[in-house]
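For reference, query39.csv (CSV, C-alpha atoms and all ligand atoms):
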```csv
chain,number,residue,atom,x,y,z
A,211,MET,CA,0.0,0.0,0.0
A,212,THR,CA,2.9,2.4,0.6
A,213,SER,CA,6.3,2.8,-0.9
A,214,HIS,CA,7.9,1.8,2.4
A,215,SER,CA,6.0,-1.4,2.9
A,216,SER,CA,8.9,-3.6,1.9
A,217,ARG,CA,11.0,-2.6,4.9
A,218,GLY,CA,8.2,-3.0,7.4
A,219,ALA,CA,7.4,-6.0,9.7
A,220,SER,CA,4.2,-8.0,9.9
A,221,VAL,CA,2.6,-9.4,13.0
A,222,SER,CA,0.3,-12.4,13.0
A,223,LEU,CA,-1.8,-14.8,15.1
A,224,HIS,CA,-2.1,-18.4,14.0
A,225,ASP,CA,-5.0,-20.6,15.1
A,226,LEU,CA,-4.7,-18.9,18.4
A,227,SER,CA,-6.9,-19.5,21.5
A,228,PHE,CA,-6.6,-17.8,24.8
A,229,GLN,CA,-7.9,-18.0,28.3
A,230,TYR,CA,-6.8,-15.9,31.3
A,231,GLY,CA,-5.1,-17.9,34.1
A,232,ARG,CA,-5.0,-21.7,34.1
A,233,ALA,CA,-8.1,-23.8,34.1
A,234,GLY,CA,-8.9,-25.4,37.4
A,235,LEU,CA,-5.7,-24.2,39.1
A,236,PHE,CA,-7.4,-22.4,42.0
A,237,SER,CA,-11.0,-23.1,41.3
A,238,ARG,CA,-13.1,-26.0,40.1
A,239,ARG,CA,-14.6,-23.9,37.4
A,240,PRO,CA,-12.3,-23.8,34.3
A,241,ALA,CA,-11.3,-20.3,33.2
A,242,PRO,CA,-13.5,-19.3,30.3
A,243,ARG,CA,-11.9,-19.2,26.9
A,244,ILE,CA,-11.7,-15.6,25.7
A,245,LEU,CA,-10.5,-16.2,22.1
A,246,HIS,CA,-11.2,-19.1,19.8
A,247,ASP,CA,-9.1,-20.2,16.8
A,248,ILE,CA,-8.0,-16.7,15.8
A,249,ASP,CA,-6.1,-16.2,12.5
A,250,LEU,CA,-5.1,-12.5,12.0
A,251,LEU,CA,-2.3,-10.9,9.9
A,252,VAL,CA,-1.3,-7.3,10.0
A,253,PRO,CA,0.8,-7.0,6.9
A,254,ALA,CA,3.6,-4.4,6.7
A,255,GLY,CA,2.3,-1.0,5.7
A,256,GLN,CA,-1.4,-1.9,5.9
A,257,THR,CA,-4.2,-1.3,8.3
A,258,VAL,CA,-6.4,-4.0,9.7
A,259,GLY,CA,-9.5,-2.8,11.5
A,260,LEU,CA,-10.7,-5.0,14.3
A,261,VAL,CA,-14.3,-4.4,15.4
A,262,GLY,CA,-16.6,-5.9,17.9
A,263,GLU,CA,-18.6,-4.9,20.9
A,264,SER,CA,-17.2,-4.4,24.4
A,265,GLY,CA,-16.0,-7.7,25.9
A,266,SER,CA,-15.5,-9.4,22.5
A,267,GLY,CA,-11.8,-9.8,23.1
A,268,LYS,CA,-10.3,-6.9,21.1
A,269,SER,CA,-7.9,-5.6,23.8
A,270,THR,CA,-6.8,-9.2,24.6
A,271,ILE,CA,-5.8,-9.6,20.9
A,272,ALA,CA,-3.8,-6.3,21.3
A,273,LYS,CA,-1.9,-7.7,24.3
A,274,LEU,CA,-1.2,-10.9,22.4
A,275,MET,CA,0.1,-8.9,19.4
A,276,LEU,CA,2.4,-6.9,21.7
A,277,GLY,CA,3.7,-10.1,23.4
A,278,LEU,CA,2.3,-9.0,26.8
A,279,LEU,CA,0.2,-12.2,26.9
A,280,ALA,CA,1.2,-15.6,25.6
A,281,PRO,CA,-1.2,-17.7,23.6
A,282,THR,CA,-2.9,-20.7,25.4
A,283,GLN,CA,-2.8,-22.5,22.0
A,284,GLY,CA,-1.5,-21.5,18.7
A,285,ARG,CA,1.1,-18.9,17.8
A,286,ALA,CA,1.7,-15.1,17.8
A,287,LEU,CA,4.6,-14.1,15.5
A,288,LEU,CA,6.5,-11.0,14.5
A,289,ASP,CA,8.1,-11.6,11.1
A,290,GLY,CA,7.9,-15.4,11.8
A,291,GLN,CA,9.4,-15.3,15.3
A,292,PRO,CA,7.4,-16.0,18.4
A,293,LEU,CA,6.7,-12.6,20.0
A,294,THR,CA,7.2,-14.0,23.5
A,295,ALA,CA,10.7,-15.2,22.5
A,296,LEU,CA,11.7,-11.5,21.9
A,297,SER,CA,12.9,-9.3,24.8
A,298,ALA,CA,10.6,-6.5,25.9
A,299,ARG,CA,13.2,-4.1,24.5
A,300,ALA,CA,13.4,-5.8,21.1
A,301,ARG,CA,9.6,-5.8,20.9
A,302,ALA,CA,9.3,-2.1,21.8
A,303,ARG,CA,11.6,-1.2,19.0
A,304,ARG,CA,9.2,-2.8,16.5
A,305,ILE,CA,5.7,-2.7,17.9
A,306,GLN,CA,4.1,0.2,19.8
A,307,MET,CA,0.7,0.9,21.2
A,308,VAL,CA,-1.7,3.9,21.3
A,309,PHE,CA,-4.5,3.7,23.9
A,310,GLN,CA,-8.0,5.0,24.1
A,311,ASP,CA,-7.4,7.5,27.0
A,312,PRO,CA,-4.4,9.7,26.4
A,313,TYR,CA,-4.7,11.2,29.8
A,314,SER,CA,-4.3,8.1,31.9
A,315,SER,CA,-1.5,6.8,29.5
A,316,LEU,CA,0.6,10.0,29.9
A,317,ASN,CA,2.5,10.6,33.1
A,318,PRO,CA,0.8,13.8,34.5
A,319,ARG,CA,4.1,14.9,36.3
A,320,ARG,CA,6.2,14.9,33.1
A,321,THR,CA,6.3,17.6,30.5
A,322,ILE,CA,5.6,16.8,26.9
A,323,ASN,CA,9.4,17.1,26.2
A,324,GLU,CA,10.2,14.6,29.0
A,325,ILE,CA,7.5,12.2,27.9
A,326,LEU,CA,8.8,12.1,24.3
A,327,THR,CA,12.5,12.0,25.3
A,328,ALA,CA,12.0,9.0,27.7
A,329,PRO,CA,11.8,6.2,25.1
A,330,LEU,CA,15.1,7.5,23.5
A,331,ARG,CA,16.8,7.7,26.9
A,332,VAL,CA,15.6,4.3,28.1
A,333,HIS,CA,16.8,2.7,24.9
A,334,GLY,CA,20.1,4.6,24.9
A,335,ILE,CA,19.5,6.3,21.6
A,336,GLY,CA,21.5,9.5,20.7
A,337,ASP,CA,22.9,12.2,23.0
A,338,ALA,CA,21.0,15.1,24.5
A,339,ALA,CA,21.3,17.2,21.4
A,340,THR,CA,20.1,14.6,18.9
A,341,ARG,CA,17.3,13.5,21.3
A,342,ALA,CA,16.1,17.1,21.4
A,343,ALA,CA,16.2,17.4,17.6
A,344,SER,CA,14.2,14.1,17.3
A,345,VAL,CA,11.6,15.4,19.8
A,346,ARG,CA,11.2,18.6,17.8
A,347,ARG,CA,10.9,16.8,14.5
A,348,MET,CA,8.3,14.4,16.0
A,349,MET,CA,6.2,17.2,17.5
A,350,ASP,CA,6.1,18.8,14.1
A,351,ALA,CA,5.2,15.5,12.4
A,352,VAL,CA,2.1,15.1,14.7
A,353,GLY,CA,1.1,18.8,14.5
A,354,LEU,CA,2.2,20.0,17.9
A,355,VAL,CA,3.7,23.5,18.1
A,356,PRO,CA,7.2,23.7,19.8
A,357,ALA,CA,5.8,25.7,22.7
A,358,PHE,CA,4.0,22.6,23.9
A,359,ALA,CA,7.3,20.9,24.8
A,360,SER,CA,7.3,22.6,28.3
A,361,ARG,CA,3.6,21.9,29.0
A,362,TYR,CA,2.0,19.1,31.1
A,363,PRO,CA,-0.6,16.8,29.7
A,364,ARG,CA,-3.4,18.5,31.8
A,365,GLU,CA,-2.7,21.7,29.9
A,366,LEU,CA,-3.6,20.1,26.6
A,367,SER,CA,-6.9,19.2,24.9
A,368,GLY,CA,-7.9,15.6,24.4
A,369,GLY,CA,-6.9,15.7,20.8
A,370,GLN,CA,-3.5,17.3,21.6
A,371,ARG,CA,-2.9,14.7,24.2
A,372,GLN,CA,-3.6,11.9,21.7
A,373,ARG,CA,-1.1,13.6,19.3
A,374,VAL,CA,1.5,13.3,22.2
A,375,ALA,CA,0.6,9.6,22.7
A,376,ILE,CA,1.0,9.0,18.9
A,377,ALA,CA,4.3,10.9,18.9
A,378,ARG,CA,5.6,8.9,21.9
A,379,ALA,CA,4.6,5.6,20.1
A,380,LEU,CA,6.7,6.7,17.1
A,381,MET,CA,9.8,7.9,18.9
A,382,LEU,CA,11.6,4.5,18.5
A,383,GLU,CA,10.5,4.3,14.8
A,384,PRO,CA,8.5,1.1,15.2
A,385,GLN,CA,7.2,-0.7,12.1
A,386,LEU,CA,3.8,-1.6,13.6
A,387,VAL,CA,1.4,0.4,15.9
A,388,ILE,CA,-1.6,-1.1,17.7
A,389,CYS,CA,-4.2,1.5,18.2
A,390,ASP,CA,-6.8,0.4,20.8
A,391,GLU,CA,-9.9,2.6,20.5
A,392,PRO,CA,-7.6,5.7,19.9
A,393,THR,CA,-10.4,8.0,18.9
A,394,SER,CA,-13.2,6.7,21.1
A,395,ALA,CA,-12.8,9.3,23.8
A,396,LEU,CA,-12.7,12.2,21.4
A,397,ASP,CA,-15.3,14.6,19.9
A,398,VAL,CA,-16.3,13.7,16.4
A,399,SER,CA,-14.4,16.5,14.7
A,400,VAL,CA,-11.3,15.7,16.6
A,401,GLN,CA,-11.7,12.0,15.8
A,402,ALA,CA,-11.4,12.9,12.1
A,403,GLN,CA,-8.3,14.9,12.6
A,404,ILE,CA,-6.6,12.1,14.5
A,405,LEU,CA,-7.6,9.5,11.9
A,406,ASN,CA,-6.2,11.8,9.2
A,407,LEU,CA,-3.0,12.2,11.2
A,408,LEU,CA,-2.6,8.4,11.5
A,409,MET,CA,-3.1,7.9,7.8
A,410,GLU,CA,-0.6,10.6,6.9
A,411,LEU,CA,2.0,9.1,9.3
A,412,GLN,CA,1.4,5.7,7.7
A,413,ARG,CA,2.0,7.1,4.2
A,414,GLU,CA,5.2,8.8,5.3
A,415,ARG,CA,6.6,5.9,7.4
A,416,GLY,CA,5.2,2.8,5.9
A,417,LEU,CA,3.6,1.8,9.2
A,418,GLY,CA,1.4,-1.2,9.7
A,419,TYR,CA,-1.6,-0.6,12.0
A,420,LEU,CA,-4.0,-2.8,13.9
A,421,PHE,CA,-6.8,-0.3,14.5
A,422,ILE,CA,-9.3,-1.4,17.1
A,423,SER,CA,-12.7,0.1,17.5
A,424,HIS,CA,-16.3,-0.8,18.4
A,425,ASN,CA,-17.3,1.7,15.7
A,426,LEU,CA,-17.4,0.2,12.2
A,427,ALA,CA,-17.9,3.6,10.5
A,428,VAL,CA,-14.6,4.8,12.1
A,429,VAL,CA,-12.8,1.6,11.1
A,430,GLN,CA,-14.1,1.7,7.6
A,431,HIS,CA,-12.5,5.1,7.2
A,432,ILE,CA,-9.0,3.9,7.9
A,433,ALA,CA,-8.8,0.2,7.3
A,434,ASP,CA,-7.7,-1.9,4.3
A,435,GLU,CA,-9.2,-5.0,5.8
A,436,ILE,CA,-11.9,-5.4,8.4
A,437,VAL,CA,-12.1,-8.3,10.9
A,438,VAL,CA,-15.3,-8.6,12.9
A,439,LEU,CA,-15.0,-10.3,16.3
A,440,GLN,CA,-18.0,-11.6,18.3
A,441,GLY,CA,-17.5,-13.4,21.6
A,442,GLY,CA,-13.9,-14.1,20.8
A,443,ARG,CA,-14.5,-15.6,17.4
A,444,VAL,CA,-13.9,-14.0,14.0
A,445,VAL,CA,-17.4,-14.0,12.3
A,446,GLU,CA,-16.6,-12.0,9.2
A,447,ARG,CA,-13.5,-10.5,7.4
A,448,GLY,CA,-12.8,-8.9,4.1
A,449,PRO,CA,-11.8,-5.8,2.3
A,450,ALA,CA,-13.1,-2.8,4.3
A,451,GLU,CA,-15.5,-1.5,1.7
A,452,GLN,CA,-17.1,-4.9,1.2
A,453,VAL,CA,-17.6,-5.6,5.0
A,454,TYR,CA,-19.0,-2.1,5.5
A,455,PHE,CA,-21.2,-1.7,2.5
A,456,ASP,CA,-22.1,-5.4,1.9
A,457,PRO,CA,-21.9,-7.1,5.3
A,458,ARG,CA,-22.7,-10.8,5.1
A,459,HIS,CA,-22.9,-11.8,8.8
A,460,PRO,CA,-26.0,-10.8,10.9
A,461,TYR,CA,-23.7,-9.6,13.7
A,462,THR,CA,-21.9,-7.2,11.3
A,463,GLN,CA,-25.2,-5.9,10.0
A,464,GLN,CA,-26.2,-5.4,13.6
A,465,LEU,CA,-23.0,-3.5,14.4
A,466,ILE,CA,-23.6,-1.2,11.4
A,467,GLY,CA,-27.2,-0.6,12.5
A,468,ALA,CA,-26.0,0.4,16.0
A,469,THR,CA,-23.5,2.8,14.6
A,470,LEU,CA,-24.8,6.2,13.8
A,471,ALA,CA,-24.0,7.3,10.3
A,472,VAL,CA,-21.0,9.7,10.7
A,473,PRO,CA,-21.5,12.2,7.9
A,474,GLU,CA,-19.7,14.8,9.9
A,475,LEU,CA,-16.7,12.5,10.2
A,476,GLN,CA,-16.7,11.7,6.5
A,477,GLU,CA,-16.9,15.4,5.6
A,478,MET,CA,-14.2,16.5,8.0
A,479,ALA,CA,-11.8,13.8,6.9
A,480,ALA,CA,-12.5,14.1,3.2
A,501,LIG,N1,-7.1,-9.7,33.2
A,501,LIG,C1,-8.2,-10.4,32.9
A,501,LIG,N2,-8.5,-11.5,33.6
A,501,LIG,C2,-9.6,-12.2,33.4
A,501,LIG,N3,-10.5,-11.9,32.4
A,501,LIG,C3,-10.3,-10.8,31.6
A,501,LIG,C4,-9.1,-10.0,31.9
A,501,LIG,N4,-9.1,-9.0,31.0
A,501,LIG,C5,-10.2,-9.1,30.2
A,501,LIG,N5,-10.9,-10.2,30.6
A,501,LIG,C6,-12.2,-10.7,30.0
A,501,LIG,O1,-11.9,-11.1,28.7
A,501,LIG,C7,-13.0,-10.7,27.8
A,501,LIG,C8,-12.5,-9.9,26.7
A,501,LIG,O2,-12.0,-8.6,27.2
A,501,LIG,P1,-11.3,-7.5,26.3
A,501,LIG,O3,-10.2,-8.2,25.5
A,501,LIG,O4,-10.9,-6.4,27.2
A,501,LIG,O5,-12.5,-7.1,25.3
A,501,LIG,P2,-12.8,-5.7,24.5
A,501,LIG,O6,-11.4,-5.0,24.4
A,501,LIG,O7,-13.3,-6.2,23.2
A,501,LIG,O8,-13.8,-5.0,25.3
A,501,LIG,C9,-14.0,-10.1,28.7
A,501,LIG,O9,-15.0,-11.0,29.1
A,501,LIG,C10,-13.2,-9.6,29.9
A,501,LIG,O10,-14.0,-9.6,31.1
A,502,MG,MG,-10.9,-3.0,24.9
```
Since I need it in another form, could you write the structure as structure tokens?
Amino acid sequence: MTSHSSRGASVSLHDLSFQYGRAGLFSRRPAPRILHDIDLLVPAGQTVGLVGESGSGKSTIAKLMLGLLAPTQGRALLDGQPLTALSARARARRIQMVFQDPYSSLNPRRTINEILTAPLRVHGIGDAATRAASVRRMMDAVGLVPAFASRYPRELSGGQRQRVAIARALMLEPQLVICDEPTSALDVSVQAQILNLLMELQRERGLGYLFISHNLAVVQHIADEIVVLQGGRVVERGPAEQVYFDPRHPYTQQLIGATLAVPELQEMAA
């Protein structure tokens, strides 16, 4: 999809099932299975949209793709290697995460400059001068004026905070970004701006995205492929336009019916 896609990485789940905890270890009731036989590929430079209602297992898939959880059955791979075999540092260089609530995910006692410098410092990248230059460039790339560097998260709007969270995710130049409901806490007009920013950054950097949302209209806007999750199972998947405009599964039709049409969003992002 982009000119950079050949240098990117892909992340994939293969016939993966998952349950929290171990069945019957502390209780007689087996732990319920959360995910069933999931196959999911996020190709380099592409966006896969993952939709489903609350509790369907979307965030659990995000954690498996970050290597924060290990599959109960099946495999989670980054370019063919088991994610859990990579160190946390190695994973962080290649896959990053953007969360729904940019306020709770940003340390309130750190300035924007400190928040964006931290990943470089932790990973021993550059000296003070090159780190400062990287932070300035990244703030510009996400549309934050230089004066924000000395501000604290509480001094920023929701949309500006989400720009900081996106900038932080990109400081280590990852190839893949998992966005878990990144616009769900924002006003509709701001949602469109953040979606456009994510798409622009993808074009410039050849990023692959797993874009998670309960809102099919939002996902349709950004995704190449859409995967629909119901109760931990994939019930439908296909090219974004097909799934959105010609849904086959009753659950997908129901999700679309529950989503208000978002003409404002479409206009703003056009
Ligand atoms: N740490 C946990 N321990 C046990 N069950 C969990 C844990 N986290 C999530 N769950 C359960 O897993 C299911 C899927 O949750 P989640 O992946 O967060 O769904 P979604 O992101 O789609 O709302 C839910 O039933 C939830 O209660
Ligand atoms: Mg979730």
**Message:** Using all atoms listed in the file, which protein or nucleic acid residues come within 9 Å of segment 365-372 of chain A? Drop anything in the same chain fewer than 2 positions from it, and give the result as a list of chain:residue names.
**Reply:**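 In the requested format, the answer is A:Val308, A:Phe309, A:Gln310, A:Asp311, A:Pro312, A:Tyr313, A:Leu316, A:Gly353, A:Leu354, A:Phe358, A:Arg361, A:Tyr362, A:Pro363, A:Val374, A:Ala375, A:Ile376, A:Ala377, A:Pro392, A:Thr393, A:Ala395, A:Leu396, A:Asp397, A:Val400, A:Gln401, A:Gln403, A:Ile404.
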**Message:** Please return as a PyMOL selection string the residues found within 10 Å of ligand MG 502 (chain A), counting only C-alpha atoms and all ligand atoms.
**Reply:** chain A and resi 262-272+309-310+390-391+422-424
Residue subset to file, keeping C-alpha atoms, as an mmCIF file, in the frame of the given file:
```
data_model
loop_
_atom_site.group_PDB
_atom_site.id
_atom_site.type_symbol
_atom_site.label_atom_id
_atom_site.label_comp_id
_atom_site.auth_asym_id
_atom_site.auth_seq_id
_atom_site.Cartn_x
_atom_site.Cartn_y
_atom_site.Cartn_z
ATOM 1 C CA GLY A 262 -16.600 -5.900 17.900
ATOM 2 C CA GLU A 263 -18.600 -4.900 20.900
ATOM 3 C CA SER A 264 -17.200 -4.400 24.400
ATOM 4 C CA GLY A 265 -16.000 -7.700 25.900
ATOM 5 C CA SER A 266 -15.500 -9.400 22.500
ATOM 6 C CA GLY A 267 -11.800 -9.800 23.100
ATOM 7 C CA LYS A 268 -10.300 -6.900 21.100
ATOM 8 C CA SER A 269 -7.900 -5.600 23.800
ATOM 9 C CA THR A 270 -6.800 -9.200 24.600
ATOM 10 C CA ILE A 271 -5.800 -9.600 20.900
ATOM 11 C CA ALA A 272 -3.800 -6.300 21.300
ATOM 12 C CA PHE A 309 -4.500 3.700 23.900
ATOM 13 C CA GLN A 310 -8.000 5.000 24.100
ATOM 14 C CA ASP A 390 -6.800 0.400 20.800
ATOM 15 C CA GLU A 391 -9.900 2.600 20.500
ATOM 16 C CA ILE A 422 -9.300 -1.400 17.100
ATOM 17 C CA SER A 423 -12.700 0.100 17.500
ATOM 18 C CA HIS A 424 -16.300 -0.800 18.400
#
```
**Fill in**
atom CA of Ala328 of chain A sits from atom CA of Arg378 of chain A at a separation of 8.6 Å
**Request:** Name the residues in contact with segment 293-299 of chain A at a cut-off of 9 Å, using all atoms listed in the file, excluding same-chain residues fewer than 6 positions from it; report them as a PyMOL selection string.
**Result:** chain A and resi 221+274-280+285-287+333
**Asked** In Å, with one decimal, what is the gap from atom C6 of ligand LIG 501 (chain A) to atom CA of Leu250 of chain A?
**Response** 19.4 Å
**Item:** Shell around segment 460-464 of chain A at 12 Å using all atoms listed in the file, local window under 5 positions removed, as a list in words
**Value:**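 The neighbour list is Leu260, Val261, Gly262, Glu263, His424, Asn425, Leu426, Ala427, Ile436, Val437, Val438, Leu439, Gln440, Gly441, Arg443, Val444, Val445, Glu446, Arg447, Gly448, Gln452, Val453, Tyr454, Phe455, Thr469 and Leu470 of chain A.
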**Request:** Might you pull out every residue within 8 Å of Phe228 of chain A, with only C-alpha atoms counted and same-chain residues fewer than 3 positions away left off, and present them as a VMD selection string?
**Result:** chain A and resid 243 to 246 281 to 283
**Prompt:** Separation of atom CA of Ile388 of chain A and atom CA of Lys273 of chain A, in Å?
**Reply:**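 Atom CA of Lys273 of chain A lies at a distance of 9.3 Å from atom CA of Ile388 of chain A.
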**Request:** Would you list the residues near (-3.7, -2.1, 14.2) (no more than 8 Å away, in the coordinates of the file, using only C-alpha atoms) as a list in words?
**Result:**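 The requested residues, written out, are Val252, Thr257, Val258, Gly259, Leu260, Leu386, Val387, Ile388, Cys389, Asp390, Gly418, Tyr419, Leu420, Phe421 and Ile422 of chain A.
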Writer output for current selection, C-alpha atoms, as a compact mmCIF listing (two decimals), in the frame of the given file:
```
# COMPACT_ATOMS: atom_id res chain seq x y z
CA VAL A 252 -1.30 -7.30 10.00
CA THR A 257 -4.20 -1.30 8.30
CA VAL A 258 -6.40 -4.00 9.70
CA GLY A 259 -9.50 -2.80 11.50
CA LEU A 260 -10.70 -5.00 14.30
CA LEU A 386 3.80 -1.60 13.60
CA VAL A 387 1.40 0.40 15.90
CA ILE A 388 -1.60 -1.10 17.70
CA CYS A 389 -4.20 1.50 18.20
CA ASP A 390 -6.80 0.40 20.80
CA GLY A 418 1.40 -1.20 9.70
CA TYR A 419 -1.60 -0.60 12.00
CA LEU A 420 -4.00 -2.80 13.90
CA PHE A 421 -6.80 -0.30 14.50
CA ILE A 422 -9.30 -1.40 17.10
```
**For ligand LIG 501 (chain A), the nearest of the candidates A:Ala300, A:Leu382, A:Ala241, A:Leu417, counting only C-alpha atoms and all ligand atoms** =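 Closest candidate: A:Ala241.
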**Complete:** Using only C-alpha atoms and all ligand atoms, the best pick from A:Val332, A:Gly416, A:Gly442, A:Gly255 as closest to ligand LIG 501 (chain A) would be A:Gly442
**Message:** I'd like to know which of A:Gln412, A:Gln229, A:Gln256, A:Gln385 is closest to ligand LIG 501 (chain A), using all atoms listed in the file.
**Reply:** A:Gln229
**Message:** Restricting the calculation to only C-alpha atoms: of A:Pro318, A:Pro329, A:Gly336, A:Pro356, which residue gets closest to Met381 of chain A?
**Reply:**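 With only C-alpha atoms as the atom set, the closest residue is A:Pro329.
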**Complete:** Closest of A:Glu383, A:Met307, A:Leu408, A:Asn323 to Ile335 of chain A, counting only C-alpha atoms, is A:Glu383
**Message:** Measuring between all atoms listed in the file, which one of A:Leu411, A:Tyr230, A:Asp434, A:Pro253 shows the shortest distance to ligand LIG 501 (chain A)?
**Reply:**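 Once distances to ligand LIG 501 (chain A) are computed over all atoms listed in the file, the minimum belongs to A:Tyr230.
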At a cut-off of 7 Å around the point (9.2, -6.1, 9.7) (file coordinates), what residues fall inside when counting only C-alpha atoms? I'd like the answer as a PDB file with C-alpha atoms, keeping the file's coordinate frame.
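Once everything was written out, this is point36.pdb:
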```pdb
ATOM      1  CA  ARG A 217      11.000  -2.600   4.900  1.00  0.00           C
ATOM      2  CA  GLY A 218       8.200  -3.000   7.400  1.00  0.00           C
ATOM      3  CA  ALA A 219       7.400  -6.000   9.700  1.00  0.00           C
ATOM      4  CA  SER A 220       4.200  -8.000   9.900  1.00  0.00           C
ATOM      5  CA  ALA A 254       3.600  -4.400   6.700  1.00  0.00           C
ATOM      6  CA  ASP A 289       8.100 -11.600  11.100  1.00  0.00           C
ATOM      7  CA  GLN A 385       7.200  -0.700  12.100  1.00  0.00           C
TER       8      GLN A 385
END
```
Please write segment 262-268 of chain A of the preceding block to a file containing all heavy atoms, as an mmCIF file, in the first residue's frame?
```cif
data_model
loop_
_atom_site.group_PDB
_atom_site.id
_atom_site.type_symbol
_atom_site.label_atom_id
_atom_site.label_comp_id
_atom_site.auth_asym_id
_atom_site.auth_seq_id
_atom_site.Cartn_x
_atom_site.Cartn_y
_atom_site.Cartn_z
ATOM 1 N N GLY A 262 -15.786 -5.039 17.130
ATOM 2 C CA GLY A 262 -16.596 -5.945 17.935
ATOM 3 C C GLY A 262 -17.045 -5.176 19.150
ATOM 4 O O GLY A 262 -16.424 -4.172 19.517
ATOM 5 N N GLU A 263 -18.124 -5.644 19.776
ATOM 6 C CA GLU A 263 -18.645 -4.891 20.920
ATOM 7 C C GLU A 263 -17.737 -5.092 22.136
ATOM 8 O O GLU A 263 -16.837 -5.937 22.124
ATOM 9 C CB GLU A 263 -20.085 -5.319 21.214
ATOM 10 C CG GLU A 263 -20.200 -6.752 21.677
ATOM 11 C CD GLU A 263 -21.634 -7.275 21.553
ATOM 12 O OE1 GLU A 263 -22.570 -6.467 21.628
ATOM 13 O OE2 GLU A 263 -21.792 -8.483 21.374
ATOM 14 N N SER A 264 -17.997 -4.316 23.170
ATOM 15 C CA SER A 264 -17.218 -4.391 24.398
ATOM 16 C C SER A 264 -17.234 -5.822 24.937
ATOM 17 O O SER A 264 -18.277 -6.469 24.958
ATOM 18 C CB SER A 264 -17.819 -3.424 25.413
ATOM 19 O OG SER A 264 -17.128 -3.504 26.618
ATOM 20 N N GLY A 265 -16.064 -6.325 25.333
ATOM 21 C CA GLY A 265 -15.959 -7.670 25.882
ATOM 22 C C GLY A 265 -15.750 -8.757 24.855
ATOM 23 O O GLY A 265 -15.622 -9.941 25.194
ATOM 24 N N SER A 266 -15.684 -8.393 23.561
ATOM 25 C CA SER A 266 -15.536 -9.421 22.521
ATOM 26 C C SER A 266 -14.103 -9.952 22.430
ATOM 27 O O SER A 266 -13.865 -10.964 21.762
ATOM 28 C CB SER A 266 -15.997 -8.879 21.158
ATOM 29 O OG SER A 266 -15.294 -7.709 20.807
ATOM 30 N N GLY A 267 -13.138 -9.276 23.074
ATOM 31 C CA GLY A 267 -11.771 -9.785 23.110
ATOM 32 C C GLY A 267 -10.756 -8.950 22.346
ATOM 33 O O GLY A 267 -9.621 -9.381 22.135
ATOM 34 N N LYS A 268 -11.136 -7.726 21.944
ATOM 35 C CA LYS A 268 -10.257 -6.885 21.121
ATOM 36 C C LYS A 268 -8.956 -6.513 21.851
ATOM 37 O O LYS A 268 -7.873 -6.656 21.299
ATOM 38 C CB LYS A 268 -10.996 -5.605 20.697
ATOM 39 C CG LYS A 268 -12.311 -5.862 19.961
ATOM 40 C CD LYS A 268 -12.981 -4.569 19.499
ATOM 41 C CE LYS A 268 -13.366 -3.612 20.621
ATOM 42 N NZ LYS A 268 -14.372 -4.139 21.568
#
```
